[in-house]
Structure formats: C-alpha cells, structure tokens
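Have a look at input06.txt below; it lists compact mmCIF, C-alpha atoms.
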```txt
# COMPACT_ATOMS: atom_id res chain seq x y z
CA MET A 1 126.01 122.83 103.37
CA THR A 2 128.16 121.75 100.43
CA ASN A 3 126.85 120.13 97.26
CA ILE A 4 128.48 116.81 98.15
CA GLU A 5 126.89 116.92 101.61
CA GLN A 6 123.48 117.21 99.94
CA ILE A 7 124.17 114.17 97.76
CA GLU A 8 125.51 112.21 100.74
CA GLY A 9 122.36 113.02 102.69
CA LEU A 10 120.16 111.83 99.83
CA LEU A 11 122.13 108.58 99.58
CA PHE A 12 121.62 108.01 103.31
CA VAL A 13 117.86 108.56 103.35
CA ALA A 14 117.37 106.55 100.13
CA GLY A 15 118.55 103.49 102.04
CA ASP A 16 118.50 100.07 100.44
CA GLU A 17 116.27 101.25 97.58
CA GLY A 18 119.04 103.55 96.34
CA ILE A 19 118.65 106.73 94.33
CA THR A 20 119.14 107.56 90.66
CA VAL A 21 120.97 110.49 89.11
CA ALA A 22 117.61 111.76 87.84
CA GLU A 23 116.18 111.70 91.37
CA ILE A 24 119.22 113.57 92.72
CA GLU A 25 118.83 116.11 89.92
CA HIS A 26 115.17 116.62 90.81
CA ALA A 27 115.93 117.05 94.53
CA THR A 28 118.94 119.34 94.17
CA GLY A 29 118.70 121.05 90.79
CA PHE A 30 122.29 120.04 90.02
CA ALA A 31 123.20 119.12 86.43
CA LYS A 32 123.60 115.39 85.75
CA PRO A 33 127.31 115.59 84.76
CA ALA A 34 128.05 117.44 88.00
CA ILE A 35 126.13 114.84 90.01
CA THR A 36 128.08 111.99 88.42
CA THR A 37 131.36 113.78 89.17
CA MET A 38 130.40 114.36 92.81
CA LEU A 39 129.28 110.75 93.25
CA THR A 40 132.65 109.60 91.91
CA GLU A 41 134.47 112.01 94.22
CA LEU A 42 132.46 110.85 97.22
CA ALA A 43 133.09 107.19 96.38
CA THR A 44 136.82 107.91 96.11
CA ARG A 45 136.81 109.65 99.50
CA TYR A 46 135.20 106.63 101.16
CA GLU A 47 137.56 104.23 99.44
CA GLN A 48 140.68 106.13 100.48
CA ASP A 49 139.56 106.84 104.06
CA GLU A 50 140.62 103.83 106.14
CA ASP A 51 138.58 105.15 109.09
CA SER A 52 135.33 105.21 107.10
CA ALA A 53 133.11 102.13 107.04
CA LEU A 54 131.16 103.45 104.05
CA MET A 55 131.27 102.89 100.32
CA ILE A 56 129.00 103.61 97.34
CA LEU A 57 127.51 100.85 95.22
CA SER A 58 126.10 101.56 91.77
CA THR A 59 123.90 99.30 89.64
CA GLU A 60 121.92 100.31 86.56
CA ASN A 61 122.30 104.03 87.32
CA THR A 62 121.09 103.56 90.92
CA TYR A 63 123.46 104.51 93.71
CA ARG A 64 123.38 103.15 97.27
CA LEU A 65 125.31 103.93 100.42
CA ALA A 66 126.71 100.67 101.82
CA THR A 67 129.25 99.42 104.31
CA LYS A 68 132.65 97.98 103.44
CA ALA A 69 133.14 94.22 103.62
CA ALA A 70 135.64 94.62 106.45
CA VAL A 71 132.93 95.64 108.93
CA ALA A 72 130.59 92.76 107.97
CA PRO A 73 131.40 90.60 111.05
CA VAL A 74 130.47 93.26 113.60
CA LEU A 75 127.31 94.24 111.68
CA LYS A 76 126.30 90.57 111.47
CA ARG A 77 126.61 90.22 115.24
CA TYR A 78 124.55 93.38 115.74
CA PHE A 79 121.73 92.40 113.40
CA GLU A 80 121.59 88.79 114.53
CA ALA A 81 121.11 89.59 118.19
CA PRO A 82 119.18 86.80 119.95
CA LEU A 83 115.41 87.07 119.64
CA THR A 84 115.30 87.10 123.43
CA THR A 85 116.55 90.68 123.14
CA SER A 86 113.63 93.07 123.46
CA LEU A 87 112.55 94.74 120.26
CA SER A 88 112.85 98.52 120.15
CA GLN A 89 109.85 100.83 119.85
CA ALA A 90 110.85 101.53 116.26
CA SER A 91 110.98 97.80 115.47
CA LEU A 92 107.54 97.24 116.99
CA GLU A 93 106.12 100.16 115.00
CA VAL A 94 107.50 98.83 111.73
CA LEU A 95 106.35 95.28 112.50
CA ALA A 96 102.83 96.47 113.32
CA ILE A 97 102.61 98.50 110.11
CA ILE A 98 103.88 95.62 107.97
CA ALA A 99 101.61 93.12 109.73
CA TYR A 100 98.50 95.17 108.95
CA ARG A 101 99.38 96.62 105.56
CA GLN A 102 101.58 93.98 103.88
CA PRO A 103 102.89 93.83 101.31
CA LEU A 104 104.25 97.37 101.23
CA THR A 105 107.46 99.26 100.43
CA ARG A 106 109.92 101.05 102.66
CA ILE A 107 108.71 104.38 101.29
CA GLU A 108 105.14 103.54 102.32
CA ILE A 109 106.36 102.59 105.79
CA ASP A 110 108.32 105.86 105.99
CA GLU A 111 105.22 107.84 105.01
CA ILE A 112 103.13 106.22 107.75
CA ARG A 113 105.80 106.65 110.44
CA GLY A 114 107.06 110.03 109.29
CA VAL A 115 110.69 108.92 109.69
CA HIS A 116 113.25 106.88 107.74
CA SER A 117 112.81 103.15 108.45
CA GLY A 118 115.48 101.51 106.29
CA SER A 119 117.82 100.36 109.06
CA THR A 120 114.93 99.10 111.20
CA ILE A 121 113.53 97.07 108.30
CA GLN A 122 116.98 95.62 107.58
CA LYS A 123 117.37 94.52 111.18
CA LEU A 124 113.94 92.86 111.14
CA VAL A 125 114.83 91.08 107.88
CA LEU A 126 118.06 89.74 109.38
CA ARG A 127 116.16 88.61 112.47
CA GLN A 128 113.79 86.79 110.09
CA LEU A 129 110.68 88.57 111.35
CA VAL A 130 110.22 90.37 108.02
CA THR A 131 110.99 89.20 104.50
CA GLU A 132 111.03 90.50 100.95
CA THR A 133 107.86 89.32 99.18
CA GLY A 134 108.50 90.79 95.72
CA ARG A 135 108.94 94.10 93.96
CA LEU A 136 106.44 96.80 93.02
CA ASN A 137 105.93 97.17 89.28
CA GLU A 138 106.91 100.83 89.04
CA PRO A 139 110.10 102.82 88.37
CA GLY A 140 112.93 101.64 90.60
CA ARG A 141 111.13 98.36 91.33
CA PRO A 142 110.97 99.01 95.12
CA ILE A 143 111.05 95.98 97.40
CA LEU A 144 107.80 94.81 99.01
CA TYR A 145 107.94 93.56 102.59
CA GLY A 146 105.79 91.16 104.59
CA THR A 147 105.94 89.23 107.86
CA THR A 148 107.25 85.67 108.22
CA GLU A 149 106.23 82.44 109.91
CA LEU A 150 108.80 83.22 112.59
CA PHE A 151 106.96 86.51 113.23
CA LEU A 152 103.80 84.53 113.99
CA ASP A 153 105.66 82.10 116.25
CA TYR A 154 107.57 84.86 118.03
CA PHE A 155 104.37 86.73 118.95
CA GLY A 156 102.22 83.65 119.61
CA LEU A 157 99.92 84.17 116.65
CA LYS A 158 98.38 81.32 114.68
CA SER A 159 97.82 83.54 111.65
CA LEU A 160 97.50 87.20 110.71
CA ASP A 161 93.76 86.80 111.22
CA ASP A 162 94.50 86.80 114.95
CA LEU A 163 95.39 90.49 114.77
CA PRO A 164 92.54 92.78 115.92
CA ALA A 165 90.61 94.43 113.09
CA ILE A 166 91.15 98.16 112.59
CA ASP A 167 88.50 100.24 110.82
CA LEU A 168 90.75 102.96 109.40
CA ALA A 169 87.89 104.53 107.44
CA ALA A 170 85.77 105.01 110.56
CA LEU A 171 88.70 106.26 112.61
CA SER A 172 89.67 108.77 109.92
CA ASP A 173 86.25 110.40 110.37
CA ALA A 174 87.01 111.13 114.02
CA GLU A 175 87.45 114.76 115.04
CA HIS A 176 91.01 114.17 116.22
CA PRO A 177 92.17 110.90 114.65
CA ALA A 178 95.30 109.27 116.02
CA PRO A 179 98.29 108.86 113.71
CA GLU A 180 98.04 105.68 111.66
CA THR A 181 101.20 104.33 113.28
CA ASP A 182 99.59 104.60 116.72
CA LEU A 183 96.47 102.75 115.58
CA PHE A 184 98.50 99.82 114.27
CA LEU A 185 100.87 99.73 117.23
CA ASN A 186 98.16 100.01 119.90
CA ALA A 187 96.10 97.20 118.38
CA PHE A 188 99.23 95.10 117.96
CA GLN A 189 100.35 95.65 121.56
CA ASP A 190 96.84 94.94 122.89
CA LYS A 191 96.92 91.57 121.15
CA LEU A 192 100.39 90.78 122.54
CA LYS A 193 99.27 91.77 126.04
CA GLY A 194 96.29 89.45 125.73
CA ASN A 195 98.56 86.59 124.65
CA ARG A 196 100.85 87.12 127.65
CA GLU A 197 97.86 87.15 130.07
CA GLU A 198 96.57 83.89 128.57
CA ASN A 199 99.96 82.28 129.12
```

Please lay out the structure from this file as structure tokens.
Amino acid sequence: MTNIEQIEGLLFVAGDEGITVAEIEHATGFAKPAITTMLTELATRYEQDEDSALMILSTENTYRLATKAAVAPVLKRYFEAPLTTSLSQASLEVLAIIAYRQPLTRIEIDEIRGVHSGSTIQKLVLRQLVTETGRLNEPGRPILYGTTELFLDYFGLKSLDDLPAIDLAALSDAEHPAPETDLFLNAFQDKLKGNREEN
C-alpha cells in the first residue's frame, strides 16, 4: 500500500465530516508537510483524470472526498429514488438507530453499526427521512442527525413516542446481549409490522 493510498482511504472513510491534516498525521505517522503535498498530488490526479468522478474539497484545513459537478444529475436521480422503493437493510438500521438515539453524529452511528454509514445517511437525508439538527460542540463540529416529519408519515407513526421502549441497561446485563443495532432494528421492525397488520 502506498502512502497516497492510505490518505485516500482515510478521506473515503471520513465521509462528509472530512478529515484534518492533524488527524491524518495521527493515523499514519506522516509529517504534515508530506501530507499536504500528497493531498495536493491526489487532488491534481482527480482533476486531470477525465474518467474519475472524484475531487477533493478543502475548507479550514479539513479535507473531504467529493464528486465532480458533472456527475450531479445521475447522483441526484439515484438519491431521490421514489419513496415507494424499498429501503435497504442498511437504511433501516441507520433509521432505527437515529430514531432511538437522536440527535447523534455519523461517528456515533458508525460505532453502533460497526461499519461506515456516511453514504447511507446521505441517501436518507436526500430522501428527507433524516435531517441535520445541529452540530456537536467539539473539535470538527460534527453534524448531528435526527428524523423528520416525513419519517413519521412514511412509517405511520404519530410521534417518536410510538416507538417501543428499549431498556438498554437491562439488556446489557444479559449473559449474551444482542448487538445494539439489532435491538433498535428489531423493535423498529416489530412496530412497523404491527402498523401493517392494523391497516
């Protein structure tokens, strides 16, 4: 693995929150001047490669992997798929976590799921099921996410109080507790099943 590959990988997993030079330095051990040089080289590669849809955005020493404006129309069609389209398992997991734990950051969602959730969150935002509710008052000012009124309408809920209660403290005392994601998703799906049976 080359040094630039390592930086590219970090940019990818950092998602919409982005990553700073200091964070790259901490993760890789590379010197800051070398990191800046490699970021510039990588940005130039993307810019000059007509077959690449990627580019690097930088604001206030934070770098993000983004897509070029030319591919915006096809991405818009993808993310704005009709709500009649079934949600993926990943989307349902993220929705359940946000519904129960909101507001929370992408990093917190990633920690619960154990996988990167940036693209799933972005799709849910564009489908207006999830929205940005503010920013956490800590370094990097990460975005906080919550559910929307459309989320309630889409799943036939009058309010978030309609979601079944989960006693995480009691469940954590179990001999073989289920992953937190499963607890949220199972309760969420049980509620949705009940709604469908009522209708």

Using 9 Å as the limit and counting only C-alpha atoms, can you tabulate each residue of stretch 53-139 of chain A that touches stretch 148-168 of chain A, with its shortest atom-to-atom distance in Å and the two atoms involved, as a Markdown table?
```
| residue | atom | partner | partner_atom | distance |
| --- | --- | --- | --- | --- |
| A:Leu83 | CA | A:Tyr154 | CA | 8.3 |
| A:Leu95 | CA | A:Phe151 | CA | 8.8 |
| A:Ala99 | CA | A:Leu160 | CA | 7.3 |
| A:Tyr100 | CA | A:Leu163 | CA | 8.1 |
| A:Gln128 | CA | A:Leu150 | CA | 6.6 |
| A:Leu129 | CA | A:Phe151 | CA | 4.6 |
| A:Val130 | CA | A:Thr148 | CA | 5.6 |
| A:Thr131 | CA | A:Thr148 | CA | 6.3 |
```

task: Provide the atom CA of A:Glu138 to atom CA of A:Thr67 distance in Å, to one decimal place.
output: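 If I compute the distance from atom CA of A:Glu138 to atom CA of A:Thr67, I get 27.1 Å.
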
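Distance-wise, atom CA of A:Thr133 and atom CA of A:Pro103 end up 7.0 Å apart.
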
message: Can you measure atom CA of A:Ile4 to atom CA of A:Ile19 for me? One decimal in Å is fine.
response: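 A separation of 14.6 Å between them.
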
task: Could you please give me, as a list in words, the residues of protein, DNA or RNA lying at most 8 Å from (117.1, 100.1, 100.1) in the coordinate frame of the file, considering only C-alpha atoms?
output: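 Output: Ala14, Gly15, Asp16, Glu17, Gly18, Arg64, Arg106, Gly118, Pro142 and Ile143 of chain A.
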
Which centre and edge lengths in Å to one decimal define the box along x, y and z that fits every listed atom of stretch 51-70 of chain A plus 8 Å per side, as lines of an AutoDock Vina configuration file?
```
center_x = 129.8
center_y = 99.7
center_z = 97.8
size_x = 33.5
size_y = 27.0
size_z = 38.5
```

message: Just checking: using only C-alpha atoms, which residue out of A:Glu25, A:Glu5, A:Glu111, A:Glu50 ends up closest to A:Ala70?
response: A:Glu50

message: Using only C-alpha atoms, can you tell me which of A:Ala22, A:Arg77, A:Pro139, A:Arg101 comes closest to A:Lys123?
response: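 Nearest to A:Lys123: A:Arg77.
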
query: A:Asp110: which residues within 12 Å, counting all atoms listed in the file, same-chain residues fewer than 3 positions away excluded, as a PyMOL selection string?
result: chain A and resi 13-15+90+93-94+97-98+104-107+113-121+180-181

task: List every protein, DNA or RNA residue that has an atom no more than 6 Å from (108.6, 91.8, 97.4) in the file's coordinate frame, counting all atoms listed in the file, and report them as a list of chain:residue names.
output: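 Here the neighbourhood of the point contains A:Glu132, A:Thr133, A:Gly134, A:Arg135, A:Ile143, A:Leu144, A:Tyr145.
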
File of the preceding selection, C-alpha atoms, as a tab-separated table (two decimals), in the frame of the given file:
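As written to disk, out_14.tsv reads:
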```tsv
chain	number	residue	atom	x	y	z
A	132	GLU	CA	111.03	90.50	100.95
A	133	THR	CA	107.86	89.32	99.18
A	134	GLY	CA	108.50	90.79	95.72
A	135	ARG	CA	108.94	94.10	93.96
A	143	ILE	CA	111.05	95.98	97.40
A	144	LEU	CA	107.80	94.81	99.01
A	145	TYR	CA	107.94	93.56	102.59
```

field: Nearest to A:Ala72, chosen from A:Arg45, A:Phe30, A:Ala53, A:Gln89, with only C-alpha atoms counted in the distances
entry: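 Nearest to A:Ala72: A:Ala53.
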
Could stretch 111-130 of chain A be completed with N, CA, C and O atoms and returned as a PDB file, in the coordinates of the input?
```pdb
ATOM      1  N   GLU A 111     106.301 106.856 105.072  1.00  0.00           N
ATOM      2  CA  GLU A 111     105.220 107.840 105.010  1.00  0.00           C
ATOM      3  C   GLU A 111     104.269 107.686 106.189  1.00  0.00           C
ATOM      4  O   GLU A 111     103.771 108.671 106.740  1.00  0.00           O
ATOM      5  N   ILE A 112     104.011 106.447 106.598  1.00  0.00           N
ATOM      6  CA  ILE A 112     103.130 106.220 107.750  1.00  0.00           C
ATOM      7  C   ILE A 112     103.799 106.667 109.038  1.00  0.00           C
ATOM      8  O   ILE A 112     103.185 107.330 109.883  1.00  0.00           O
ATOM      9  N   ARG A 113     105.087 106.330 109.203  1.00  0.00           N
ATOM     10  CA  ARG A 113     105.800 106.650 110.440  1.00  0.00           C
ATOM     11  C   ARG A 113     106.271 108.093 110.496  1.00  0.00           C
ATOM     12  O   ARG A 113     106.455 108.659 111.575  1.00  0.00           O
ATOM     13  N   GLY A 114     106.539 108.667 109.329  1.00  0.00           N
ATOM     14  CA  GLY A 114     107.060 110.030 109.290  1.00  0.00           C
ATOM     15  C   GLY A 114     108.551 110.107 109.503  1.00  0.00           C
ATOM     16  O   GLY A 114     109.100 111.202 109.644  1.00  0.00           O
ATOM     17  N   VAL A 115     109.232 108.963 109.535  1.00  0.00           N
ATOM     18  CA  VAL A 115     110.690 108.920 109.690  1.00  0.00           C
ATOM     19  C   VAL A 115     111.256 107.826 108.799  1.00  0.00           C
ATOM     20  O   VAL A 115     110.539 106.928 108.356  1.00  0.00           O
ATOM     21  N   HIS A 116     112.582 107.877 108.566  1.00  0.00           N
ATOM     22  CA  HIS A 116     113.250 106.880 107.740  1.00  0.00           C
ATOM     23  C   HIS A 116     113.292 105.544 108.482  1.00  0.00           C
ATOM     24  O   HIS A 116     113.655 105.493 109.656  1.00  0.00           O
ATOM     25  N   SER A 117     112.930 104.461 107.796  1.00  0.00           N
ATOM     26  CA  SER A 117     112.810 103.150 108.450  1.00  0.00           C
ATOM     27  C   SER A 117     113.745 102.099 107.878  1.00  0.00           C
ATOM     28  O   SER A 117     113.647 100.918 108.258  1.00  0.00           O
ATOM     29  N   GLY A 118     114.641 102.478 106.977  1.00  0.00           N
ATOM     30  CA  GLY A 118     115.480 101.510 106.290  1.00  0.00           C
ATOM     31  C   GLY A 118     116.280 100.600 107.198  1.00  0.00           C
ATOM     32  O   GLY A 118     116.288  99.381 107.036  1.00  0.00           O
ATOM     33  N   SER A 119     116.967 101.174 108.190  1.00  0.00           N
ATOM     34  CA  SER A 119     117.820 100.360 109.060  1.00  0.00           C
ATOM     35  C   SER A 119     116.976  99.446 109.945  1.00  0.00           C
ATOM     36  O   SER A 119     117.375  98.306 110.232  1.00  0.00           O
ATOM     37  N   THR A 120     115.809  99.925 110.370  1.00  0.00           N
ATOM     38  CA  THR A 120     114.930  99.100 111.200  1.00  0.00           C
ATOM     39  C   THR A 120     114.408  97.911 110.405  1.00  0.00           C
ATOM     40  O   THR A 120     114.384  96.771 110.897  1.00  0.00           O
ATOM     41  N   ILE A 121     114.008  98.155 109.161  1.00  0.00           N
ATOM     42  CA  ILE A 121     113.530  97.070 108.300  1.00  0.00           C
ATOM     43  C   ILE A 121     114.640  96.052 108.089  1.00  0.00           C
ATOM     44  O   ILE A 121     114.412  94.839 108.162  1.00  0.00           O
ATOM     45  N   GLN A 122     115.851  96.532 107.825  1.00  0.00           N
ATOM     46  CA  GLN A 122     116.980  95.620 107.580  1.00  0.00           C
ATOM     47  C   GLN A 122     117.241  94.736 108.793  1.00  0.00           C
ATOM     48  O   GLN A 122     117.495  93.536 108.658  1.00  0.00           O
ATOM     49  N   LYS A 123     117.154  95.310 109.981  1.00  0.00           N
ATOM     50  CA  LYS A 123     117.370  94.520 111.180  1.00  0.00           C
ATOM     51  C   LYS A 123     116.289  93.464 111.337  1.00  0.00           C
ATOM     52  O   LYS A 123     116.567  92.308 111.689  1.00  0.00           O
ATOM     53  N   LEU A 124     115.045  93.818 111.032  1.00  0.00           N
ATOM     54  CA  LEU A 124     113.940  92.860 111.140  1.00  0.00           C
ATOM     55  C   LEU A 124     114.072  91.751 110.099  1.00  0.00           C
ATOM     56  O   LEU A 124     113.710  90.598 110.364  1.00  0.00           O
ATOM     57  N   VAL A 125     114.602  92.096 108.912  1.00  0.00           N
ATOM     58  CA  VAL A 125     114.830  91.080 107.880  1.00  0.00           C
ATOM     59  C   VAL A 125     115.891  90.090 108.363  1.00  0.00           C
ATOM     60  O   VAL A 125     115.729  88.867 108.243  1.00  0.00           O
ATOM     61  N   LEU A 126     116.980  90.604 108.921  1.00  0.00           N
ATOM     62  CA  LEU A 126     118.060  89.740 109.380  1.00  0.00           C
ATOM     63  C   LEU A 126     117.649  88.904 110.589  1.00  0.00           C
ATOM     64  O   LEU A 126     118.186  87.821 110.809  1.00  0.00           O
ATOM     65  N   ARG A 127     116.676  89.391 111.351  1.00  0.00           N
ATOM     66  CA  ARG A 127     116.160  88.610 112.470  1.00  0.00           C
ATOM     67  C   ARG A 127     115.025  87.691 112.023  1.00  0.00           C
ATOM     68  O   ARG A 127     114.411  87.012 112.822  1.00  0.00           O
ATOM     69  N   GLN A 128     114.757  87.691 110.715  1.00  0.00           N
ATOM     70  CA  GLN A 128     113.790  86.790 110.090  1.00  0.00           C
ATOM     71  C   GLN A 128     112.360  87.002 110.561  1.00  0.00           C
ATOM     72  O   GLN A 128     111.534  86.083 110.530  1.00  0.00           O
ATOM     73  N   LEU A 129     112.052  88.218 110.996  1.00  0.00           N
ATOM     74  CA  LEU A 129     110.680  88.570 111.350  1.00  0.00           C
ATOM     75  C   LEU A 129     109.957  89.197 110.167  1.00  0.00           C
ATOM     76  O   LEU A 129     108.721  89.198 110.106  1.00  0.00           O
ATOM     77  N   VAL A 130     110.732  89.737 109.238  1.00  0.00           N
ATOM     78  CA  VAL A 130     110.220  90.370 108.020  1.00  0.00           C
ATOM     79  C   VAL A 130     110.989  89.821 106.841  1.00  0.00           C
ATOM     80  O   VAL A 130     112.171  89.496 106.967  1.00  0.00           O
TER      81      VAL A 130
END
```
